[in-house]
file coords33.cif (mmCIF, C-alpha atoms)
data_upload
#
loop_
_atom_site.group_PDB
_atom_site.id
_atom_site.type_symbol
_atom_site.label_atom_id
_atom_site.label_comp_id
_atom_site.auth_asym_id
_atom_site.auth_seq_id
_atom_site.Cartn_x
_atom_site.Cartn_y
_atom_site.Cartn_z
ATOM 1 C CA MET M 1 9.337 101.495 6.682
ATOM 2 C CA ASN M 2 11.719 100.287 3.993
ATOM 3 C CA THR M 3 12.756 97.385 6.210
ATOM 4 C CA ASN M 4 9.165 96.185 6.663
ATOM 5 C CA LEU M 5 8.553 96.418 2.940
ATOM 6 C CA LYS M 6 11.603 94.337 2.208
ATOM 7 C CA LEU M 7 10.485 91.666 4.683
ATOM 8 C CA LEU M 8 7.018 91.547 3.130
ATOM 9 C CA VAL M 9 8.420 91.142 -0.376
ATOM 10 C CA ALA M 10 10.778 88.401 0.789
ATOM 11 C CA ALA M 11 7.900 86.534 2.447
ATOM 12 C CA LEU M 12 5.784 86.716 -0.687
ATOM 13 C CA VAL M 13 8.642 85.456 -2.859
ATOM 14 C CA GLY M 14 9.315 82.554 -0.458
ATOM 15 C CA ALA M 15 5.654 81.556 -0.374
ATOM 16 C CA GLY M 16 5.467 81.596 -4.163
ATOM 17 C CA ALA M 17 8.583 79.476 -4.504
ATOM 18 C CA PHE M 18 7.251 76.955 -1.960
ATOM 19 C CA ALA M 19 3.929 76.737 -3.799
ATOM 20 C CA LEU M 20 5.720 76.183 -7.107
ATOM 21 C CA ILE M 21 7.905 73.410 -5.713
ATOM 22 C CA GLY M 22 4.914 71.736 -4.046
ATOM 23 C CA GLY M 23 2.984 71.755 -7.306
ATOM 24 C CA LEU M 24 5.844 70.151 -9.168
ATOM 25 C CA VAL M 25 6.217 67.434 -6.525
ATOM 26 C CA MET M 26 2.498 66.613 -6.550
ATOM 27 C CA GLN M 27 2.574 66.398 -10.332
ATOM 28 C CA PHE M 28 5.226 63.684 -10.358
ATOM 29 C CA LEU M 29 3.860 61.679 -7.396
ATOM 30 C CA PRO M 30 1.532 58.699 -8.241
ATOM 31 C CA SER M 31 -2.070 59.703 -7.934
ATOM 32 C CA SER M 32 -4.506 57.795 -5.749
ATOM 33 C CA SER M 33 -7.056 57.411 -8.514
ATOM 34 C CA PRO M 34 -9.879 54.837 -8.384
ATOM 35 C CA MET M 35 -7.988 52.765 -10.973
ATOM 36 C CA HIS M 36 -4.948 52.622 -8.695
ATOM 37 C CA GLU M 37 -7.104 51.596 -5.754
ATOM 38 C CA GLN M 38 -8.681 48.877 -7.890
ATOM 39 C CA GLN M 39 -5.245 47.519 -8.820
ATOM 40 C CA SER M 40 -4.257 47.396 -5.154
ATOM 41 C CA ALA M 41 -7.458 45.571 -4.302
ATOM 42 C CA ASP M 42 -6.779 42.992 -7.038
ATOM 43 C CA LYS M 43 -3.574 41.964 -5.296
ATOM 44 C CA GLN M 44 -5.362 40.985 -2.111
ATOM 45 C CA PRO M 45 -5.312 37.214 -1.414
ATOM 46 C CA LEU M 46 -8.510 35.353 -2.168
ATOM 47 C CA TYR M 47 -7.949 32.951 0.726
ATOM 48 C CA TRP M 48 -5.252 31.065 2.609
ATOM 49 C CA VAL M 49 -4.640 27.321 2.264
ATOM 50 C CA ALA M 50 -2.611 24.747 4.155
ATOM 51 C CA PRO M 51 0.654 23.789 2.393
ATOM 52 C CA MET M 52 -0.060 20.064 2.806
ATOM 53 C CA ASP M 53 -3.831 20.144 2.249
ATOM 54 C CA SER M 54 -5.331 22.440 -0.378
ATOM 55 C CA ASN M 55 -8.832 21.662 0.903
ATOM 56 C CA TYR M 56 -8.068 23.408 4.194
ATOM 57 C CA ARG M 57 -8.964 27.062 3.461
ATOM 58 C CA ARG M 58 -9.292 30.098 5.682
ATOM 59 C CA ASP M 59 -10.205 33.738 5.089
ATOM 60 C CA ALA M 60 -7.290 35.055 7.136
ATOM 61 C CA PRO M 61 -3.668 34.076 7.832
ATOM 62 C CA GLY M 62 -3.046 31.437 10.449
ATOM 63 C CA LEU M 63 -1.678 27.955 11.043
ATOM 64 C CA SER M 64 -2.675 24.676 9.422
ATOM 65 C CA PRO M 65 -3.660 21.606 11.485
ATOM 66 C CA MET M 66 -0.022 20.500 11.132
ATOM 67 C CA GLY M 67 1.263 23.764 12.604
ATOM 68 C CA MET M 68 2.501 25.240 9.300
ATOM 69 C CA ASP M 69 1.848 28.787 8.101
ATOM 70 C CA LEU M 70 -1.042 29.111 5.679
ATOM 71 C CA VAL M 71 -0.118 30.096 2.114
ATOM 72 C CA PRO M 72 -1.998 32.980 0.428
ATOM 73 C CA VAL M 73 -3.700 32.282 -2.895
ATOM 74 C CA TYR M 74 -4.214 35.143 -5.321
ATOM 75 C CA GLU M 75 -6.612 35.389 -8.214
ATOM 76 C CA SER M 76 -3.747 35.226 -10.692
ATOM 77 C CA ASP M 77 -2.576 31.971 -9.080
ATOM 78 C CA SER M 78 -6.013 30.372 -9.187
ATOM 79 C CA ASN M 79 -6.592 31.318 -12.834
ATOM 80 C CA ALA M 80 -3.114 30.523 -14.162
ATOM 81 C CA GLN M 81 -3.077 27.461 -16.409
ATOM 82 C CA ASP M 82 -0.577 26.240 -18.960
ATOM 83 C CA GLY M 83 -3.178 24.285 -20.882
ATOM 84 C CA PRO M 84 -6.104 21.901 -20.542
ATOM 85 C CA GLY M 85 -5.720 19.692 -17.505
ATOM 86 C CA ALA M 86 -2.668 21.581 -16.230
ATOM 87 C CA VAL M 87 -1.886 21.373 -12.530
ATOM 88 C CA THR M 88 -0.055 24.179 -10.793
ATOM 89 C CA ILE M 89 1.563 24.026 -7.375
ATOM 90 C CA SER M 90 2.428 27.031 -5.305
ATOM 91 C CA PRO M 91 6.191 27.609 -4.968
ATOM 92 C CA ALA M 92 5.740 27.718 -1.205
ATOM 93 C CA VAL M 93 4.185 24.248 -1.261
ATOM 94 C CA VAL M 94 6.979 22.933 -3.478
ATOM 95 C CA ASN M 95 9.539 24.326 -1.060
ATOM 96 C CA ASN M 96 7.799 22.855 1.984
ATOM 97 C CA LEU M 97 7.575 19.429 0.343
ATOM 98 C CA GLY M 98 11.242 19.476 -0.581
ATOM 99 C CA VAL M 99 10.555 18.753 -4.251
ATOM 100 C CA ARG M 100 13.668 18.486 -6.399
ATOM 101 C CA THR M 101 13.783 18.228 -10.178
ATOM 102 C CA ALA M 102 16.394 16.597 -12.399
ATOM 103 C CA LYS M 103 16.871 15.481 -15.976
ATOM 104 C CA VAL M 104 15.456 12.115 -16.976
ATOM 105 C CA GLU M 105 18.176 9.457 -17.102
ATOM 106 C CA LEU M 106 18.181 5.719 -17.697
ATOM 107 C CA LYS M 107 19.572 4.092 -14.557
ATOM 108 C CA THR M 108 19.308 0.880 -12.588
ATOM 109 C CA LEU M 109 17.466 1.214 -9.308
ATOM 110 C CA HIS M 110 19.106 -0.635 -6.436
ATOM 111 C CA SER M 111 16.994 -1.525 -3.450
ATOM 112 C CA ASP M 112 18.446 -3.841 -0.799
ATOM 113 C CA ILE M 113 15.956 -5.551 1.494
ATOM 114 C CA ASN M 114 17.191 -7.509 4.501
ATOM 115 C CA THR M 115 14.605 -9.964 5.765
ATOM 116 C CA VAL M 116 14.176 -13.490 7.106
ATOM 117 C CA GLY M 117 13.084 -16.412 4.936
ATOM 118 C CA TYR M 118 11.969 -19.930 5.793
ATOM 119 C CA VAL M 119 12.325 -23.001 3.557
ATOM 120 C CA GLN M 120 9.417 -25.406 3.981
ATOM 121 C CA TYR M 121 7.800 -28.284 2.163
ATOM 122 C CA ASN M 122 5.108 -27.617 -0.408
ATOM 123 C CA GLN M 123 1.936 -28.073 1.606
ATOM 124 C CA ASP M 124 0.000 -29.077 -1.526
ATOM 125 C CA GLN M 125 2.262 -32.093 -2.076
ATOM 126 C CA LEU M 126 2.293 -33.457 1.474
ATOM 127 C CA ILE M 127 0.549 -36.778 2.101
ATOM 128 C CA HIS M 128 -0.571 -37.777 5.580
ATOM 129 C CA ILE M 129 -0.939 -41.490 6.353
ATOM 130 C CA HIS M 130 -3.491 -42.344 9.035
ATOM 131 C CA PRO M 131 -4.175 -46.065 9.643
ATOM 132 C CA ARG M 132 -7.849 -46.883 10.130
ATOM 133 C CA VAL M 133 -7.197 -49.852 12.385
ATOM 134 C CA GLU M 134 -5.743 -50.336 15.828
ATOM 135 C CA GLY M 135 -2.461 -52.190 16.189
ATOM 136 C CA TRP M 136 1.266 -51.754 16.547
ATOM 137 C CA ILE M 137 4.198 -51.279 14.219
ATOM 138 C CA GLU M 138 6.459 -54.319 13.939
ATOM 139 C CA SER M 139 9.000 -52.898 11.475
ATOM 140 C CA LEU M 140 9.810 -49.297 10.558
ATOM 141 C CA TYR M 141 11.662 -48.826 7.267
ATOM 142 C CA VAL M 142 11.885 -45.024 7.312
ATOM 143 C CA LYS M 143 13.436 -43.853 10.567
ATOM 144 C CA ALA M 144 14.460 -40.246 9.879
ATOM 145 C CA GLN M 145 12.365 -37.223 9.056
ATOM 146 C CA GLY M 146 13.111 -35.926 5.579
ATOM 147 C CA ALA M 147 14.409 -39.258 4.252
ATOM 148 C CA GLN M 148 13.722 -39.804 0.553
ATOM 149 C CA VAL M 149 11.364 -42.616 -0.447
ATOM 150 C CA LYS M 150 10.078 -43.911 -3.770
ATOM 151 C CA ALA M 151 6.530 -44.577 -4.865
ATOM 152 C CA GLY M 152 5.383 -48.016 -3.675
ATOM 153 C CA GLU M 153 8.215 -48.385 -1.170
ATOM 154 C CA PRO M 154 6.998 -49.727 2.230
ATOM 155 C CA LEU M 155 7.199 -47.396 5.197
ATOM 156 C CA TYR M 156 6.353 -49.780 8.051
ATOM 157 C CA THR M 157 4.844 -53.173 8.893
ATOM 158 C CA LEU M 158 1.662 -53.023 10.964
ATOM 159 C CA TYR M 159 0.045 -55.837 12.900
ATOM 160 C CA SER M 160 -3.628 -55.308 13.698
ATOM 161 C CA PRO M 161 -5.957 -57.955 15.164
ATOM 162 C CA GLN M 162 -8.903 -56.020 13.716
ATOM 163 C CA LEU M 163 -7.417 -56.258 10.224
ATOM 164 C CA VAL M 164 -6.623 -59.961 10.678
ATOM 165 C CA ASN M 165 -10.237 -60.703 11.645
ATOM 166 C CA ALA M 166 -11.560 -58.844 8.602
ATOM 167 C CA GLN M 167 -9.164 -60.776 6.378
ATOM 168 C CA GLU M 168 -10.263 -64.136 7.846
ATOM 169 C CA GLU M 169 -13.931 -63.257 7.327
ATOM 170 C CA PHE M 170 -13.202 -62.475 3.672
ATOM 171 C CA LEU M 171 -11.328 -65.780 3.168
ATOM 172 C CA LEU M 172 -14.167 -67.682 4.826
ATOM 173 C CA ALA M 173 -16.698 -66.091 2.471
ATOM 174 C CA VAL M 174 -14.483 -66.889 -0.529
ATOM 175 C CA ASN M 175 -14.096 -70.521 0.515
ATOM 176 C CA ARG M 176 -17.867 -70.834 0.874
ATOM 177 C CA ASN M 177 -18.334 -69.089 -2.471
ATOM 178 C CA ASN M 178 -21.059 -66.963 -0.917
ATOM 179 C CA THR M 179 -21.479 -63.886 -3.075
ATOM 180 C CA VAL M 180 -23.323 -61.891 -0.422
ATOM 181 C CA LEU M 181 -20.720 -62.609 2.264
ATOM 182 C CA ILE M 182 -17.869 -61.943 -0.174
ATOM 183 C CA ARG M 183 -19.319 -58.547 -1.060
ATOM 184 C CA ALA M 184 -19.817 -57.624 2.618
ATOM 185 C CA ALA M 185 -16.344 -58.809 3.684
ATOM 186 C CA LYS M 186 -14.733 -56.972 0.770
ATOM 187 C CA ALA M 187 -16.545 -53.752 1.696
ATOM 188 C CA ARG M 188 -15.237 -54.067 5.250
ATOM 189 C CA LEU M 189 -11.644 -54.461 4.023
ATOM 190 C CA GLU M 190 -12.051 -51.422 1.795
ATOM 191 C CA SER M 191 -13.358 -49.397 4.743
ATOM 192 C CA LEU M 192 -10.157 -50.310 6.601
ATOM 193 C CA ASN M 193 -8.158 -48.754 3.720
ATOM 194 C CA VAL M 194 -6.991 -52.069 2.248
ATOM 195 C CA SER M 195 -6.024 -51.651 -1.411
ATOM 196 C CA ASP M 196 -7.967 -53.350 -4.205
ATOM 197 C CA GLY M 197 -4.799 -55.078 -5.406
ATOM 198 C CA PHE M 198 -4.254 -56.735 -2.035
ATOM 199 C CA ILE M 199 -7.903 -57.853 -1.871
ATOM 200 C CA GLU M 200 -7.709 -59.401 -5.354
ATOM 201 C CA ARG M 201 -4.494 -61.219 -4.482
ATOM 202 C CA LEU M 202 -6.026 -62.442 -1.216
ATOM 203 C CA GLN M 203 -9.068 -63.737 -3.088
ATOM 204 C CA LYS M 204 -6.838 -65.478 -5.617
ATOM 205 C CA ILE M 205 -4.386 -67.237 -3.293
ATOM 206 C CA LYS M 206 -7.007 -67.663 -0.532
ATOM 207 C CA ARG M 207 -4.548 -67.130 2.284
#
call {"tool": "encode", "arguments": {"input": "coords33.cif", "output": "C-alpha cells"}}
result
Amino acid sequence: MNTNLKLLVAALVGAGAFALIGGLVMQFLPSSSPMHEQQSADKQPLYWVAPMDSNYRRDAPGLSPMGMDLVPVYESDSNAQDGPGAVTISPAVVNNLGVRTAKVELKTLHSDINTVGYVQYNQDQLIHIHPRVEGWIESLYVKAQGAQVKAGEPLYTLYSPQLVNAQEEFLLAVNRNNTVLIRAAKARLESLNVSDGFIERLQKIKR
C-alpha cells in the first residue's frame, strides 16, 4: 500500500514538473499571431522577371526565354527609390550582366582598327573627253595613265573628215559673206564641240 502511494505521488510530481517546463517553453517561443502571419505574407515575391528583360514577368519561378532562372521581385524592391527618377537594378541582374564599377579617371582610350583602304581619284574632279566626230588619232601626247598635264596642254591630234567638211562649209560661207550660211555653219561647228576661240580664229584667217 505504501509502495503504490509513493508511485502515485511521484507520478503527480513528474506531471506537474513537465507541465511547468512546457509552459515556460511556450512562453518564450514566437507566437503565430495574425501580425506574424501578415509579416510572412509580405515577404512573398510579387512576381518573377527575366534577368535580361524586365518586361518578361511570370507568377511563378521558371526559366526566361534565354534559359536563365527568373529573379523574384518583392514589394520592397519595387517601391525602393533613392529619389525622383532613380533607377534600381536587382543585384542578381547586375551579377548576371557582369557589371563592374570603378572610380572615374581621366585616361586616353586606345582603339586599334585594322582595315583595308583604297586611294582613288576624286570623282568630282574627273573630266571625261568624248569626241563628237568620227576619225582617228594622228598624234598622242599623253601616253601613260596618271601622267600630269596642265590646263590648255594638247592631249592628242585628231583627224576627222566630218570636221574638215564642217570647217570648209564655214569658210565658204565666210568668203561669200552670207550671214545666214555663216550662222548655220558656225552652229554646226559648235555642235561638234569646236571651241569659240578656234571658230573666231578660223573666221579671221579664213583658212
call {"tool": "resolve_selection", "arguments": {"input": "coords33.cif", "expression": "the PyMOL selection byres ((chain M and resi 165-180) around 12)", "output": "VMD selection string"}}
result
chain M and resid 133 159 to 164 181 to 194 198 to 207
call {"tool": "resolve_selection", "arguments": {"input": "coords33.cif", "expression": "the PyMOL selection byres ((chain M and resi 136) around 8)", "output": "PyMOL selection string"}}
result
chain M and resi 134-135+137-138+158-160
call {"tool": "atom_distance", "arguments": {"input": "coords33.cif", "atom1": "atom CA of M:Val94", "atom2": "atom CA of M:Lys43"}}
result
21.8 Å
call {"tool": "atom_distance", "arguments": {"input": "coords33.cif", "atom1": "atom CA of M:Lys143", "atom2": "atom CA of M:Tyr156"}}
result
9.6 Å
call {"tool": "axis_aligned_box", "arguments": {"input": "coords33.cif", "around": "stretch 185-195 of chain M", "padding_each_side": "5 Å", "output": "JSON"}}
result
{"center_x": -11.3, "center_y": -53.8, "center_z": 2.6, "size_x": 20.5, "size_y": 20.1, "size_z": 18.0}
call {"tool": "closest_atom_pairs", "arguments": {"input": "coords33.cif", "of": "stretch 126-201 of chain M", "to": "stretch 116-122 of chain M", "cutoff": "12 Å", "atoms": "only C-alpha atoms", "output": "CSV"}}
result
residue,atom,partner,partner_atom,distance
M:Leu126,CA,M:Asn122,CA,6.8
M:Ile127,CA,M:Asn122,CA,10.5
M:Gly146,CA,M:Tyr121,CA,9.9
call {"tool": "atom_distance", "arguments": {"input": "coords33.cif", "atom1": "atom CA of M:Val73", "atom2": "atom CA of M:Arg100"}}
result
22.5 Å
call {"tool": "closest_residue", "arguments": {"input": "coords33.cif", "among": "M:Pro131, M:Pro61, M:Pro91, M:Gly197", "to": "M:Leu46", "atoms": "all atoms listed in the file"}}
result
M:Pro61
